[in-house]
Amino acid sequence: MSQPDLTLNAPLQRRWANLPATWRRALACLAIAWAGNVALFASDWREMFLQWWDSSTYNHVLLIPFILAWLISLRWREVMKLEPQGWWPGLVFFAGSAFLWLLGTFAGLSLATQLGVVLMAQASAVVLLGPRVCAGLLFPIAYILFLVPAGDELIPYLQTITAHMTMALLDASQVPAHIEGVFITTPGGYFEVAEACSGVKFLIAMIAYGALVANVCFASWSRRIAFMALSIVMPILANGVRAWGTIFIAEHRGIEFAAGFDHIFYGWIFFALVMVMVMVIAWRFFDRAIDDRMIDAEAIKANRLLSALSQYRIGPQRALAALAALALIFTGWSAWAGRLEATMPARIEFAPIPGWQQIDYSPQAPWKPLHTGASHVLLGRFRDGSGHVVDISFALYAAQADGREAGGFGQGAIPLDSGWAWERSAVPLAGGHAERIQAAGPVHRLAETYYRSGPLFTGSNTRLKLGNIADRLLLRTRSTAALILSAEDGVPGQPPAEASLRAAIATIGPLEAWMDRTATGR
């Protein structure tokens, strides 16, 4: 009797027919679970796909499904020696993932919702395939996490690191330079280490690439960890060299030549050379032979812990039904809470500030904070009798959700692509989140942000999100207000920004009370 053809090279129909019945049943249930995941959370998957497709930071994610298929093929013969089973403890993992998604929807945090749906896909595999099969497919299942488009949050930190590395290299190469936050001034020009220059694109791609190589080419965990460290450090260092090289060339050949050289050489060649360098350094330490098995099915079968865990069985149909029930519970909860919105006034206006008069808004450089999804937005300039000038931005939200987060990424005092960039943190004057920002010129601003939701008054975006989450979990309707007090620095004839903000805060009194009066019109 001929042996069943269990290789992935066999025609699809014959390969499916030759699978044991337990495998056909388990894979069919998993396919249904994943299809249901995509259908039920289509908006999250669509948003992720648009980021993979449109953002150069995440274009590499489009390759991950093919990488996953290849990783599974490397393990296929051994995995087929294991028997899939329904495993009810995996439902706890699934429920936790669904709860994370729920919290993400309540906080308006797309990273949490997207991570939640991907974790639910992984948890579905755990529930429907069982501990032994998932142990055999542990790395491919874990690698699914790279579908989540995460990493933009690192941009401000990478900008700062790159700027300081650039300054160190300019000093070593005897180029006089002055730095303010992420802005560097040299005799040859004025440079900004912008978001696009942070190196986040290459770092994220290198982390995914490094994890793949560490698993496929190394058997030793110490070598895997070392290679991952190299994959993280090298692109960061390389990006610092790139920024320095651009400025160094601009000093000798002009800014236009340096910009073109940066786009062609650094954009297309430099980081490819860095990847080659990483592989050359690591090559001699590879300790997995090309014909080594990726997993050992017999060892997995003999593992006592996995044997003990395998006792907690559940039928695949019942497991699939339980997954569907949990998913519907959490999506229903989200839909119910999502309909709750605070009542908004027809219009709002700034509450009076004694001794201060609203004047024409004419900043040195255009500055308009971003408050996407707010029901009402106010922006005005105020001056007192002593010449202090303060700009006030106020936004009122009926609810917090995805697309209308008061403290969301790119919201507030430094909108993306606005010409303004973070310079450095500042000491808060009244318990808010204070920062110095800068635009070309240079033009400097001091800005302090505050949030108000129910009894909560804070400058912490984290505390705001936690408060919003608690409100949604308890089905409470509360509005959210965002206040930004800001002043330009270095304007001839005007007091310093900090003095102007202190004067305004002293006159306004308790800021939370003033925010409440502005929000209600009283």
# chains A, B, ... in the order shown; residues from 1 in each chain; ligands from 1

call {"tool": "select_by_dssp", "arguments": {"residues": "range 29-134 of chain A", "states": "alpha helix (DSSP H)", "output": "VMD selection string"}}
result
chain A and resid 29 to 40 42 to 54 64 to 79 90 to 107 110 to 134

call {"tool": "closest_atom_pairs", "arguments": {"of": "range 127-230 of chain A", "to": "range 434-447 of chain A", "cutoff": "10 Å", "atoms": "only C-alpha atoms", "output": "Markdown table"}}
result
| residue | atom | partner | partner_atom | distance |
| --- | --- | --- | --- | --- |
| A:Glu180 | CA | A:Gln438 | CA | 8.8 |
| A:Gly181 | CA | A:Ile437 | CA | 8.5 |
| A:Val182 | CA | A:Gln438 | CA | 9.0 |
| A:Phe183 | CA | A:Gln438 | CA | 8.3 |
| A:Thr185 | CA | A:Pro442 | CA | 9.9 |
| A:Tyr190 | CA | A:Ala440 | CA | 8.4 |
| A:Phe191 | CA | A:Ala440 | CA | 9.2 |
| A:Glu192 | CA | A:Ala440 | CA | 8.8 |

call {"tool": "write_last_selection", "arguments": {"atoms": "N, CA, C and O atoms", "output": "CSV table (one decimal), in the first residue's frame"}}
result
chain,number,residue,atom,x,y,z
A,180,GLU,N,19.3,71.9,18.8
A,180,GLU,CA,18.1,72.2,19.6
A,180,GLU,C,17.0,71.1,19.3
A,180,GLU,O,16.4,71.2,18.3
A,181,GLY,N,16.9,70.2,20.3
A,181,GLY,CA,16.0,69.1,20.0
A,181,GLY,C,16.4,68.2,18.9
A,181,GLY,O,17.5,67.6,18.9
A,182,VAL,N,15.7,68.2,17.8
A,182,VAL,CA,16.0,67.4,16.6
A,182,VAL,C,16.4,68.4,15.5
A,182,VAL,O,16.5,67.9,14.3
A,183,PHE,N,16.7,69.6,15.8
A,183,PHE,CA,17.2,70.6,14.8
A,183,PHE,C,18.7,70.9,14.9
A,183,PHE,O,19.1,71.1,16.0
A,185,THR,N,22.0,73.0,13.4
A,185,THR,CA,22.4,74.2,12.6
A,185,THR,C,23.9,74.1,12.4
A,185,THR,O,24.7,73.9,13.4
A,190,TYR,N,20.5,74.6,7.9
A,190,TYR,CA,19.6,74.3,9.0
A,190,TYR,C,18.9,72.9,8.7
A,190,TYR,O,18.3,72.8,7.7
A,191,PHE,N,19.1,72.0,9.5
A,191,PHE,CA,18.7,70.6,9.3
A,191,PHE,C,17.8,70.1,10.4
A,191,PHE,O,17.9,70.4,11.5
A,192,GLU,N,16.8,69.3,10.0
A,192,GLU,CA,15.9,68.7,10.9
A,192,GLU,C,15.9,67.2,10.8
A,192,GLU,O,15.9,66.7,9.6

call {"tool": "residues_around", "arguments": {"residues": "Ile505 in chain A", "least_positions_apart": "4", "cutoff": "9 Å", "atoms": "only C-alpha atoms", "output": "list in words"}}
result
Leu429, Ala430, Leu485, Ser500, Leu501, Gly509, Pro510 and Leu511 of chain A

call {"tool": "residues_around", "arguments": {"residues": "range 203-219 of chain A", "least_positions_apart": "6", "cutoff": "7 Å", "atoms": "only C-alpha atoms", "output": "list in words"}}
result
His60, Phe146, Gly151, Phe227, Met228, Ser231, Ile232, Pro235, Ile236, Phe286, Asp287 and Arg288 of chain A

call {"tool": "closest_residue", "arguments": {"among": "A:Glu83, A:Asp360, A:Ala282, A:Pro187", "to": "Ile225 in chain A", "atoms": "only C-alpha atoms"}}
result
A:Ala282

call {"tool": "select_by_dssp", "arguments": {"residues": "range 141-250 of chain A", "states": "strand (DSSP E or B)", "output": "PyMOL selection string"}}
result
chain A and resi 178-180+183-186+189-192

call {"tool": "write_last_selection", "arguments": {"atoms": "C-alpha atoms", "output": "PDB file, in the first residue's frame"}}
result
ATOM      1  CA  HIS A 178      24.479  73.528  17.265  1.00  0.00           C
ATOM      2  CA  ILE A 179      21.541  71.331  18.276  1.00  0.00           C
ATOM      3  CA  GLU A 180      18.095  72.216  19.601  1.00  0.00           C
ATOM      4  CA  PHE A 183      17.182  70.601  14.771  1.00  0.00           C
ATOM      5  CA  ILE A 184      20.851  70.952  13.871  1.00  0.00           C
ATOM      6  CA  THR A 185      22.420  74.176  12.608  1.00  0.00           C
ATOM      7  CA  THR A 186      25.801  74.179  10.821  1.00  0.00           C
ATOM      8  CA  GLY A 189      22.515  75.068   6.644  1.00  0.00           C
ATOM      9  CA  TYR A 190      19.642  74.273   8.981  1.00  0.00           C
ATOM     10  CA  PHE A 191      18.690  70.593   9.263  1.00  0.00           C
ATOM     11  CA  GLU A 192      15.859  68.691  10.910  1.00  0.00           C
TER      12      GLU A 192
END

call {"tool": "residues_around", "arguments": {"residues": "Trp514 in chain A", "least_positions_apart": "4", "cutoff": "10 Å", "atoms": "only C-alpha atoms", "output": "list in words"}}
result
Phe350, Ala351, Pro352, Ile353, Ile508, Gly509, Pro510, Thr518, Ala519 and Arg522 of chain A

call {"tool": "closest_atom_pairs", "arguments": {"of": "range 308-373 of chain A", "to": "range 467-480 of chain A", "cutoff": "9 Å", "atoms": "only C-alpha atoms", "output": "JSON lines"}}
result
{"residue": "A:Trp333", "atom": "CA", "partner": "A:Leu473", "partner_atom": "CA", "distance": 8.6}
{"residue": "A:Ser334", "atom": "CA", "partner": "A:Arg472", "partner_atom": "CA", "distance": 8.5}
{"residue": "A:Trp336", "atom": "CA", "partner": "A:Leu475", "partner_atom": "CA", "distance": 8.4}
{"residue": "A:Ala337", "atom": "CA", "partner": "A:Arg472", "partner_atom": "CA", "distance": 5.7}
{"residue": "A:Gly338", "atom": "CA", "partner": "A:Arg472", "partner_atom": "CA", "distance": 7.9}
{"residue": "A:Leu340", "atom": "CA", "partner": "A:Thr477", "partner_atom": "CA", "distance": 5.9}
{"residue": "A:Glu341", "atom": "CA", "partner": "A:Thr477", "partner_atom": "CA", "distance": 5.6}
{"residue": "A:Ala342", "atom": "CA", "partner": "A:Thr477", "partner_atom": "CA", "distance": 5.2}
{"residue": "A:Thr343", "atom": "CA", "partner": "A:Ser479", "partner_atom": "CA", "distance": 7.9}
{"residue": "A:Met344", "atom": "CA", "partner": "A:Ser479", "partner_atom": "CA", "distance": 8.1}

call {"tool": "write_last_selection", "arguments": {"atoms": "N, CA, C and O atoms", "output": "PDB file, in the first residue's frame"}}
result
ATOM      1  N   TRP A 333     -20.739  44.045  23.182  1.00  0.00           N
ATOM      2  CA  TRP A 333     -20.421  44.990  24.256  1.00  0.00           C
ATOM      3  C   TRP A 333     -19.864  46.290  23.663  1.00  0.00           C
ATOM      4  O   TRP A 333     -20.245  47.396  24.062  1.00  0.00           O
ATOM      5  N   SER A 334     -18.958  46.143  22.689  1.00  0.00           N
ATOM      6  CA  SER A 334     -18.363  47.317  22.052  1.00  0.00           C
ATOM      7  C   SER A 334     -19.420  48.150  21.335  1.00  0.00           C
ATOM      8  O   SER A 334     -19.423  49.379  21.420  1.00  0.00           O
ATOM      9  N   TRP A 336     -22.624  48.331  21.930  1.00  0.00           N
ATOM     10  CA  TRP A 336     -23.507  48.980  22.914  1.00  0.00           C
ATOM     11  C   TRP A 336     -22.832  50.223  23.498  1.00  0.00           C
ATOM     12  O   TRP A 336     -23.408  51.324  23.509  1.00  0.00           O
ATOM     13  N   ALA A 337     -21.596  50.053  23.955  1.00  0.00           N
ATOM     14  CA  ALA A 337     -20.887  51.183  24.551  1.00  0.00           C
ATOM     15  C   ALA A 337     -20.577  52.259  23.516  1.00  0.00           C
ATOM     16  O   ALA A 337     -20.532  53.451  23.835  1.00  0.00           O
ATOM     17  N   GLY A 338     -20.350  51.841  22.257  1.00  0.00           N
ATOM     18  CA  GLY A 338     -19.995  52.798  21.213  1.00  0.00           C
ATOM     19  C   GLY A 338     -21.110  53.761  20.865  1.00  0.00           C
ATOM     20  O   GLY A 338     -20.865  54.816  20.275  1.00  0.00           O
ATOM     21  N   LEU A 340     -22.874  55.257  23.093  1.00  0.00           N
ATOM     22  CA  LEU A 340     -23.012  56.218  24.186  1.00  0.00           C
ATOM     23  C   LEU A 340     -22.171  57.461  23.903  1.00  0.00           C
ATOM     24  O   LEU A 340     -20.960  57.384  23.734  1.00  0.00           O
ATOM     25  N   GLU A 341     -22.814  58.600  23.847  1.00  0.00           N
ATOM     26  CA  GLU A 341     -22.125  59.867  23.636  1.00  0.00           C
ATOM     27  C   GLU A 341     -22.726  60.925  24.543  1.00  0.00           C
ATOM     28  O   GLU A 341     -23.944  60.940  24.776  1.00  0.00           O
ATOM     29  N   ALA A 342     -21.864  61.798  25.039  1.00  0.00           N
ATOM     30  CA  ALA A 342     -22.344  62.880  25.891  1.00  0.00           C
ATOM     31  C   ALA A 342     -23.090  63.917  25.049  1.00  0.00           C
ATOM     32  O   ALA A 342     -22.798  64.105  23.867  1.00  0.00           O
ATOM     33  N   THR A 343     -24.049  64.581  25.651  1.00  0.00           N
ATOM     34  CA  THR A 343     -24.792  65.646  24.968  1.00  0.00           C
ATOM     35  C   THR A 343     -23.893  66.861  24.798  1.00  0.00           C
ATOM     36  O   THR A 343     -23.228  67.304  25.741  1.00  0.00           O
ATOM     37  N   MET A 344     -23.847  67.393  23.574  1.00  0.00           N
ATOM     38  CA  MET A 344     -22.994  68.535  23.278  1.00  0.00           C
ATOM     39  C   MET A 344     -23.814  69.815  23.155  1.00  0.00           C
ATOM     40  O   MET A 344     -24.942  69.801  22.610  1.00  0.00           O
TER      41      MET A 344
END

call {"tool": "residues_around", "arguments": {"residues": "Leu456 in chain A", "least_positions_apart": "5", "cutoff": "9 Å", "atoms": "only C-alpha atoms", "output": "number ranges by chain"}}
result
A: 451, 463-464, 467, 512

call {"tool": "write_last_selection", "arguments": {"atoms": "all heavy atoms", "output": "compact mmCIF listing (two decimals), in the first residue's frame"}}
result
# COMPACT_ATOMS: atom_id res chain seq x y z
N TYR A 451 -6.05 67.54 29.87
CA TYR A 451 -7.27 66.81 29.49
C TYR A 451 -8.25 66.83 30.66
O TYR A 451 -7.85 66.77 31.82
CB TYR A 451 -6.95 65.36 29.12
CG TYR A 451 -5.93 65.21 28.02
CD1 TYR A 451 -4.64 64.74 28.30
CD2 TYR A 451 -6.25 65.53 26.70
CE1 TYR A 451 -3.70 64.60 27.30
CE2 TYR A 451 -5.31 65.38 25.69
CZ TYR A 451 -4.04 64.93 25.99
OH TYR A 451 -3.11 64.80 25.00
N ARG A 463 -3.38 58.33 31.50
CA ARG A 463 -4.45 58.44 32.49
C ARG A 463 -5.78 58.77 31.82
O ARG A 463 -6.83 58.28 32.24
CB ARG A 463 -4.11 59.51 33.53
CG ARG A 463 -3.00 59.12 34.50
CD ARG A 463 -2.88 60.13 35.62
NE ARG A 463 -4.12 60.20 36.40
CZ ARG A 463 -4.38 61.16 37.28
NH1 ARG A 463 -3.50 62.14 37.47
NH2 ARG A 463 -5.51 61.16 37.96
N LEU A 464 -5.73 59.59 30.77
CA LEU A 464 -6.96 59.90 30.05
C LEU A 464 -7.55 58.64 29.43
O LEU A 464 -8.76 58.38 29.55
CB LEU A 464 -6.68 60.93 28.95
CG LEU A 464 -7.85 61.20 28.00
CD1 LEU A 464 -9.00 61.87 28.75
CD2 LEU A 464 -7.40 62.05 26.82
N GLY A 467 -9.10 56.41 32.01
CA GLY A 467 -10.39 56.94 32.45
C GLY A 467 -11.48 56.71 31.41
O GLY A 467 -12.62 56.34 31.76
N GLU A 512 -9.12 73.29 35.49
CA GLU A 512 -10.23 72.37 35.26
C GLU A 512 -11.57 73.08 35.34
O GLU A 512 -12.50 72.78 34.56
CB GLU A 512 -10.17 71.19 36.24
CG GLU A 512 -10.23 71.56 37.71
CD GLU A 512 -8.86 71.76 38.32
OE1 GLU A 512 -7.98 72.32 37.63
OE2 GLU A 512 -8.68 71.37 39.48

call {"tool": "closest_residue", "arguments": {"among": "A:Ala482, A:Val61, A:Phe99, A:Ala17", "to": "Leu326 in chain A", "atoms": "only C-alpha atoms"}}
result
A:Phe99

call {"tool": "atom_distance", "arguments": {"atom1": "CA of His388 in chain A", "atom2": "CA of Arg517 in chain A"}}
result
22.9 Å

call {"tool": "closest_residue", "arguments": {"among": "A:Thr162, A:Ser220, A:Ser386, A:Asn18", "to": "Phe285 in chain A", "atoms": "only C-alpha atoms"}}
result
A:Ser220

call {"tool": "closest_residue", "arguments": {"among": "A:Ala243, A:Ile249, A:Ile269, A:Ile255", "to": "Met167 in chain A", "atoms": "only C-alpha atoms"}}
result
A:Ala243

call {"tool": "closest_atom_pairs", "arguments": {"of": "range 143-203 of chain A", "to": "range 43-52 of chain A", "cutoff": "8 Å", "atoms": "only C-alpha atoms", "output": "JSON lines"}}
result
{"residue": "A:Leu147", "atom": "CA", "partner": "A:Met48", "partner_atom": "CA", "distance": 7.9}
{"residue": "A:Val148", "atom": "CA", "partner": "A:Met48", "partner_atom": "CA", "distance": 7.1}
{"residue": "A:Pro149", "atom": "CA", "partner": "A:Met48", "partner_atom": "CA", "distance": 6.6}

call {"tool": "atom_distance", "arguments": {"atom1": "CA of Gly130 in chain A", "atom2": "CA of Ala42 in chain A"}}
result
26.4 Å

call {"tool": "closest_residue", "arguments": {"among": "A:Ala513, A:Val274, A:Pro140, A:Trp420", "to": "Ala365 in chain A", "atoms": "only C-alpha atoms"}}
result
A:Trp420

call {"tool": "closest_residue", "arguments": {"among": "A:Met515, A:Ala346, A:Ile300, A:Ala39", "to": "Arg452 in chain A", "atoms": "only C-alpha atoms"}}
result
A:Met515

call {"tool": "atom_distance", "arguments": {"atom1": "CA of Ser222 in chain A", "atom2": "CA of Leu306 in chain A"}}
result
24.5 Å

call {"tool": "residues_around", "arguments": {"residues": "Thr372 in chain A", "least_positions_apart": "2", "cutoff": "7 Å", "atoms": "only C-alpha atoms", "output": "count of residues only"}}
result
4
